[in-house]
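Below: protein.cif (mmCIF, C-alpha atoms)
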data_input
loop_
_atom_site.group_PDB
_atom_site.id
_atom_site.type_symbol
_atom_site.label_atom_id
_atom_site.label_comp_id
_atom_site.auth_asym_id
_atom_site.auth_seq_id
_atom_site.Cartn_x
_atom_site.Cartn_y
_atom_site.Cartn_z
ATOM 1 C CA MET A 1 11.228 -10.084 17.116
ATOM 2 C CA GLY A 2 10.675 -6.387 16.646
ATOM 3 C CA GLN A 3 8.285 -4.126 14.837
ATOM 4 C CA VAL A 4 9.407 -3.228 11.307
ATOM 5 C CA GLU A 5 8.060 -0.063 9.700
ATOM 6 C CA ALA A 6 8.316 1.392 6.207
ATOM 7 C CA THR A 7 6.894 4.845 5.408
ATOM 8 C CA THR A 8 6.732 6.668 2.082
ATOM 9 C CA GLN A 9 4.958 9.882 1.140
ATOM 10 C CA ARG A 10 4.289 11.966 -1.922
ATOM 11 C CA GLU A 11 2.525 15.173 -2.816
ATOM 12 C CA ILE A 12 0.177 14.882 -5.799
ATOM 13 C CA ALA A 13 -1.297 17.708 -7.890
ATOM 14 C CA ALA A 14 -4.909 16.544 -7.614
ATOM 15 C CA ASP A 15 -7.732 17.026 -5.133
ATOM 16 C CA PRO A 16 -7.811 14.685 -2.097
ATOM 17 C CA GLU A 17 -11.182 13.161 -3.014
ATOM 18 C CA SER A 18 -9.926 12.000 -6.437
ATOM 19 C CA VAL A 19 -6.746 10.573 -4.938
ATOM 20 C CA PHE A 20 -8.585 8.746 -2.143
ATOM 21 C CA ASP A 21 -11.217 7.407 -4.558
ATOM 22 C CA ALA A 22 -8.474 6.006 -6.822
ATOM 23 C CA LEU A 23 -6.778 4.235 -3.894
ATOM 24 C CA ALA A 24 -10.079 2.886 -2.538
ATOM 25 C CA ASP A 25 -11.244 1.593 -5.944
ATOM 26 C CA TYR A 26 -9.935 -1.950 -5.549
ATOM 27 C CA SER A 27 -12.206 -3.297 -8.299
ATOM 28 C CA GLY A 28 -10.873 -0.818 -10.878
ATOM 29 C CA THR A 29 -8.150 1.775 -10.452
ATOM 30 C CA ARG A 30 -6.058 0.162 -7.694
ATOM 31 C CA GLN A 31 -4.944 -2.768 -9.832
ATOM 32 C CA LYS A 32 -3.694 -0.336 -12.519
ATOM 33 C CA LEU A 33 -1.528 1.447 -9.928
ATOM 34 C CA LEU A 34 0.410 -1.632 -8.827
ATOM 35 C CA PRO A 35 4.007 -2.004 -10.058
ATOM 36 C CA GLU A 36 5.467 -5.319 -11.264
ATOM 37 C CA HIS A 37 6.125 -6.460 -7.682
ATOM 38 C CA PHE A 38 2.434 -7.375 -7.351
ATOM 39 C CA SER A 39 0.815 -10.406 -8.984
ATOM 40 C CA GLU A 40 -2.288 -12.622 -8.756
ATOM 41 C CA TYR A 41 -4.477 -9.608 -7.902
ATOM 42 C CA GLU A 42 -8.070 -10.564 -7.084
ATOM 43 C CA VAL A 43 -10.925 -8.770 -5.340
ATOM 44 C CA ARG A 44 -12.780 -11.418 -3.318
ATOM 45 C CA GLU A 45 -15.392 -9.247 -1.574
ATOM 46 C CA GLY A 46 -16.590 -5.696 -1.997
ATOM 47 C CA GLY A 47 -14.293 -3.642 -4.174
ATOM 48 C CA ASP A 48 -14.674 -0.069 -2.943
ATOM 49 C CA GLY A 49 -12.985 0.829 0.332
ATOM 50 C CA LYS A 50 -14.286 -0.495 3.642
ATOM 51 C CA GLY A 51 -15.396 -4.108 3.557
ATOM 52 C CA THR A 52 -13.185 -5.038 0.603
ATOM 53 C CA LEU A 53 -11.229 -8.286 0.746
ATOM 54 C CA VAL A 54 -8.412 -8.317 -1.800
ATOM 55 C CA HIS A 55 -5.666 -10.825 -2.564
ATOM 56 C CA TRP A 56 -2.267 -10.327 -4.166
ATOM 57 C CA LYS A 57 1.251 -11.644 -4.038
ATOM 58 C CA LEU A 58 3.950 -9.122 -3.235
ATOM 59 C CA GLN A 59 7.459 -9.954 -4.402
ATOM 60 C CA ALA A 60 9.608 -7.713 -2.239
ATOM 61 C CA THR A 61 12.908 -9.321 -3.313
ATOM 62 C CA SER A 62 13.967 -11.994 -5.791
ATOM 63 C CA LYS A 63 13.568 -14.615 -3.035
ATOM 64 C CA ARG A 64 10.802 -13.145 -0.846
ATOM 65 C CA VAL A 65 7.161 -13.425 -1.971
ATOM 66 C CA ARG A 66 4.348 -12.600 0.447
ATOM 67 C CA ASP A 67 0.886 -14.075 -0.153
ATOM 68 C CA CYS A 68 -1.435 -11.300 1.074
ATOM 69 C CA LEU A 69 -5.155 -11.470 1.828
ATOM 70 C CA LEU A 70 -6.122 -7.985 2.937
ATOM 71 C CA GLU A 71 -9.198 -6.745 4.766
ATOM 72 C CA VAL A 72 -9.819 -3.061 4.075
ATOM 73 C CA ASP A 73 -11.178 -0.610 6.631
ATOM 74 C CA GLU A 74 -11.728 3.159 6.658
ATOM 75 C CA PRO A 75 -11.409 4.084 10.350
ATOM 76 C CA THR A 76 -11.321 7.845 9.701
ATOM 77 C CA GLU A 77 -11.924 10.134 6.738
ATOM 78 C CA GLY A 78 -9.041 10.003 4.288
ATOM 79 C CA GLN A 79 -7.618 6.796 5.733
ATOM 80 C CA LEU A 80 -7.503 3.260 4.322
ATOM 81 C CA VAL A 81 -6.162 0.421 6.470
ATOM 82 C CA GLU A 82 -5.264 -2.917 4.878
ATOM 83 C CA LYS A 83 -4.796 -5.759 7.395
ATOM 84 C CA ASP A 84 -3.267 -8.962 6.085
ATOM 85 C CA ARG A 85 -5.076 -12.095 7.279
ATOM 86 C CA ASN A 86 -1.954 -14.156 6.486
ATOM 87 C CA SER A 87 0.543 -12.192 8.605
ATOM 88 C CA SER A 88 1.006 -9.304 11.029
ATOM 89 C CA MET A 89 1.369 -6.827 8.138
ATOM 90 C CA VAL A 90 -0.796 -3.681 8.265
ATOM 91 C CA THR A 91 -0.642 -0.951 5.620
ATOM 92 C CA THR A 92 -2.192 2.440 6.340
ATOM 93 C CA TRP A 93 -2.832 5.003 3.613
ATOM 94 C CA VAL A 94 -3.461 8.581 4.767
ATOM 95 C CA VAL A 95 -4.714 11.131 2.223
ATOM 96 C CA THR A 96 -4.722 14.780 3.362
ATOM 97 C CA PRO A 97 -5.128 18.164 1.648
ATOM 98 C CA ALA A 98 -1.814 19.937 0.905
ATOM 99 C CA GLY A 99 -3.078 23.197 -0.563
ATOM 100 C CA GLU A 100 -5.358 24.024 -3.454
ATOM 101 C CA LYS A 101 -5.779 20.986 -5.732
ATOM 102 C CA ARG A 102 -2.863 19.272 -3.941
ATOM 103 C CA THR A 103 -2.825 16.138 -1.834
ATOM 104 C CA LYS A 104 -0.298 14.499 0.459
ATOM 105 C CA VAL A 105 -0.377 10.713 0.501
ATOM 106 C CA THR A 106 1.474 8.842 3.250
ATOM 107 C CA VAL A 107 1.689 5.054 3.228
ATOM 108 C CA THR A 108 3.022 3.188 6.258
ATOM 109 C CA THR A 109 3.440 -0.575 6.494
ATOM 110 C CA THR A 110 4.253 -2.317 9.762
ATOM 111 C CA TRP A 111 4.789 -5.949 10.649
ATOM 112 C CA THR A 112 6.406 -8.118 13.292
ATOM 113 C CA GLY A 113 9.878 -8.928 12.047
ATOM 114 C CA ALA A 114 12.047 -11.972 12.540
ATOM 115 C CA GLY A 115 14.339 -12.382 15.514
ATOM 116 C CA GLY A 116 18.122 -12.671 15.614
ATOM 117 C CA ILE A 117 20.463 -11.690 12.821
ATOM 118 C CA GLY A 118 17.756 -12.203 10.189
ATOM 119 C CA GLY A 119 15.570 -9.725 12.032
ATOM 120 C CA PHE A 120 18.414 -7.200 12.096
ATOM 121 C CA PHE A 121 18.793 -7.405 8.316
ATOM 122 C CA GLU A 122 15.031 -7.310 7.796
ATOM 123 C CA LYS A 123 14.668 -4.188 9.936
ATOM 124 C CA THR A 124 17.626 -2.578 8.146
ATOM 125 C CA PHE A 125 16.842 -3.364 4.502
ATOM 126 C CA ALA A 126 13.137 -4.241 4.149
ATOM 127 C CA PRO A 127 11.863 -0.675 4.730
ATOM 128 C CA LYS A 128 14.081 0.649 1.909
ATOM 129 C CA GLY A 129 12.935 -2.052 -0.498
ATOM 130 C CA LEU A 130 9.280 -1.562 0.358
ATOM 131 C CA GLY A 131 9.779 2.198 0.069
ATOM 132 C CA ARG A 132 10.949 1.777 -3.547
ATOM 133 C CA ILE A 133 7.879 -0.359 -4.321
ATOM 134 C CA TYR A 134 5.545 2.261 -2.830
ATOM 135 C CA ASP A 135 7.400 5.077 -4.642
ATOM 136 C CA ALA A 136 6.539 3.318 -7.916
ATOM 137 C CA LEU A 137 2.907 2.885 -6.838
ATOM 138 C CA LEU A 138 2.670 6.567 -5.839
ATOM 139 C CA ASP A 139 4.176 7.578 -9.203
ATOM 140 C CA ASN A 140 1.412 5.586 -10.898
ATOM 141 C CA LEU A 141 -1.192 7.167 -8.603
ATOM 142 C CA ALA A 142 0.071 10.642 -9.530
ATOM 143 C CA ARG A 143 -0.088 9.829 -13.262
ATOM 144 C CA GLU A 144 -3.626 8.481 -12.851
ATOM 145 C CA THR A 145 -5.041 11.386 -10.807
ATOM 146 C CA GLU A 146 -3.137 14.391 -12.203
ATOM 147 C CA LYS A 147 -4.899 14.056 -15.591
#

Show how you would write the structure in this file as structure tokens.
Amino acid sequence: MGQVEATTQREIAADPESVFDALADYSGTRQKLLPEHFSEYEVREGGDGKGTLVHWKLQATSKRVRDCLLEVDEPTEGQLVEKDRNSSMVTTWVVTPAGEKRTKVTVTTTWTGAGGIGGFFEKTFAPKGLGRIYDALLDNLARETEK
């Protein structure tokens, strides 16, 4: 078993506070940003950043559906960390200034992968698939915040 990591980033023409607020707004904006790979979205506690508990199902492939129950933390300014209670998956969102009225958003997801040949394929292909899902989410985030 090895660590699997998927990282995606995007520059958005909006100020960092607006972008971070949209990502941290689990009870409102966040659900609108999710592409079709996400279903059964439900905020169970909180709803705005740290202290939020949110549930969704993530369909990464036609056969692979992850049931996620995520605890949200904000360990540093501009950072959201979503830890899945159902697995080793951790997603970290980092929002940083990238010039005047511009923001860089980096999303990194890590988890403990399978062993053996299955683990090889997971480590090889899962990051690309997850990257496409997060590209779609970041496109939606840009559309929402660049208004």

Skip A:Thr92 itself and residues of its chain fewer than 3 positions away, then list as a list of chain:residue names all residues within 9 Å of it, counting all atoms listed in the file. A:Gln79, A:Leu80, A:Val81, A:Glu82, A:Lys83, A:Thr106, A:Val107, A:Thr108, A:Thr109, A:Thr110

Gap from atom CA of A:Gln59 to atom CA of A:Ser39 - Å, one decimal: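 Atom CA of A:Ser39 lies at a distance of 8.1 Å from atom CA of A:Gln59.
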
For the PyMOL selection byres ((chain A and resi 30) around 12), applied here, can you spell out every residue it catches as number ranges by chain? A: 19-29, 31-35, 38, 41-43, 47-49, 54, 56, 137-138, 140-141, 144-145

Explicit residues for the PyMOL selection byres ((chain A and resi 15) around 8) (as a list in words):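 Output from the PyMOL selection byres ((chain A and resi 15) around 8), applied to this file: Ala13, Ala14, Pro16, Glu17, Ser18, Val19, Pro97, Glu100, Lys101, Arg102 and Thr103 of chain A.
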
Dump C-alpha atoms for the selected residues as a compact mmCIF listing (two decimals), in the coordinates of the input?
# COMPACT_ATOMS: atom_id res chain seq x y z
CA ALA A 13 -1.30 17.71 -7.89
CA ALA A 14 -4.91 16.54 -7.61
CA PRO A 16 -7.81 14.68 -2.10
CA GLU A 17 -11.18 13.16 -3.01
CA SER A 18 -9.93 12.00 -6.44
CA VAL A 19 -6.75 10.57 -4.94
CA PRO A 97 -5.13 18.16 1.65
CA GLU A 100 -5.36 24.02 -3.45
CA LYS A 101 -5.78 20.99 -5.73
CA ARG A 102 -2.86 19.27 -3.94
CA THR A 103 -2.82 16.14 -1.83

Which residue of A:Ala60, A:Gly51, A:Gly2, A:Glu74 approaches A:Lys128 most closely, using all atoms listed in the file: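 Among the listed residues, the smallest separation from A:Lys128 belongs to A:Ala60.
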
Using all atoms listed in the file, which of A:Val65, A:Met89, A:Val94, A:Ala142 sits nearest A:Thr112?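 Checking each candidate against A:Thr112, we get A:Met89 as the closest.
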
From the list A:Arg44, A:Lys57, A:Arg132, A:Lys104, which residue is nearest A:Ile12 when using all atoms listed in the file?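 So, comparing all the options, the nearest one is A:Lys104.
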
Enclose all atoms of stretch 59-67 of chain A listed in the file in an axis-aligned box, grow every side by 3 Å, and hand back centre and edge lengths in Å to one decimal, as JSON.
{"center_x": 7.4, "center_y": -11.2, "center_z": -2.7, "size_x": 19.1, "size_y": 12.9, "size_z": 12.2}

Could you list the residues chosen by the PyMOL selection byres ((chain A and resi 5) around 8) in this structure as a PyMOL selection string? chain A and resi 3-4+6-7+108-111+123+127

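Atom to atom, atom CA of A:Tyr134 and atom CA of A:Arg64 stand 16.4 Å apart.
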
Atom-to-atom span, atom CA of A:Glu11 and atom CA of A:Lys50, Å: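 Straight-line distance from atom CA of A:Glu11 to atom CA of A:Lys50 works out to 23.9 Å.
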
A:Asp73 proximity check over A:Gly46, A:Leu58, A:Gly131, A:Thr96, using all atoms listed in the file: winner is A:Gly46
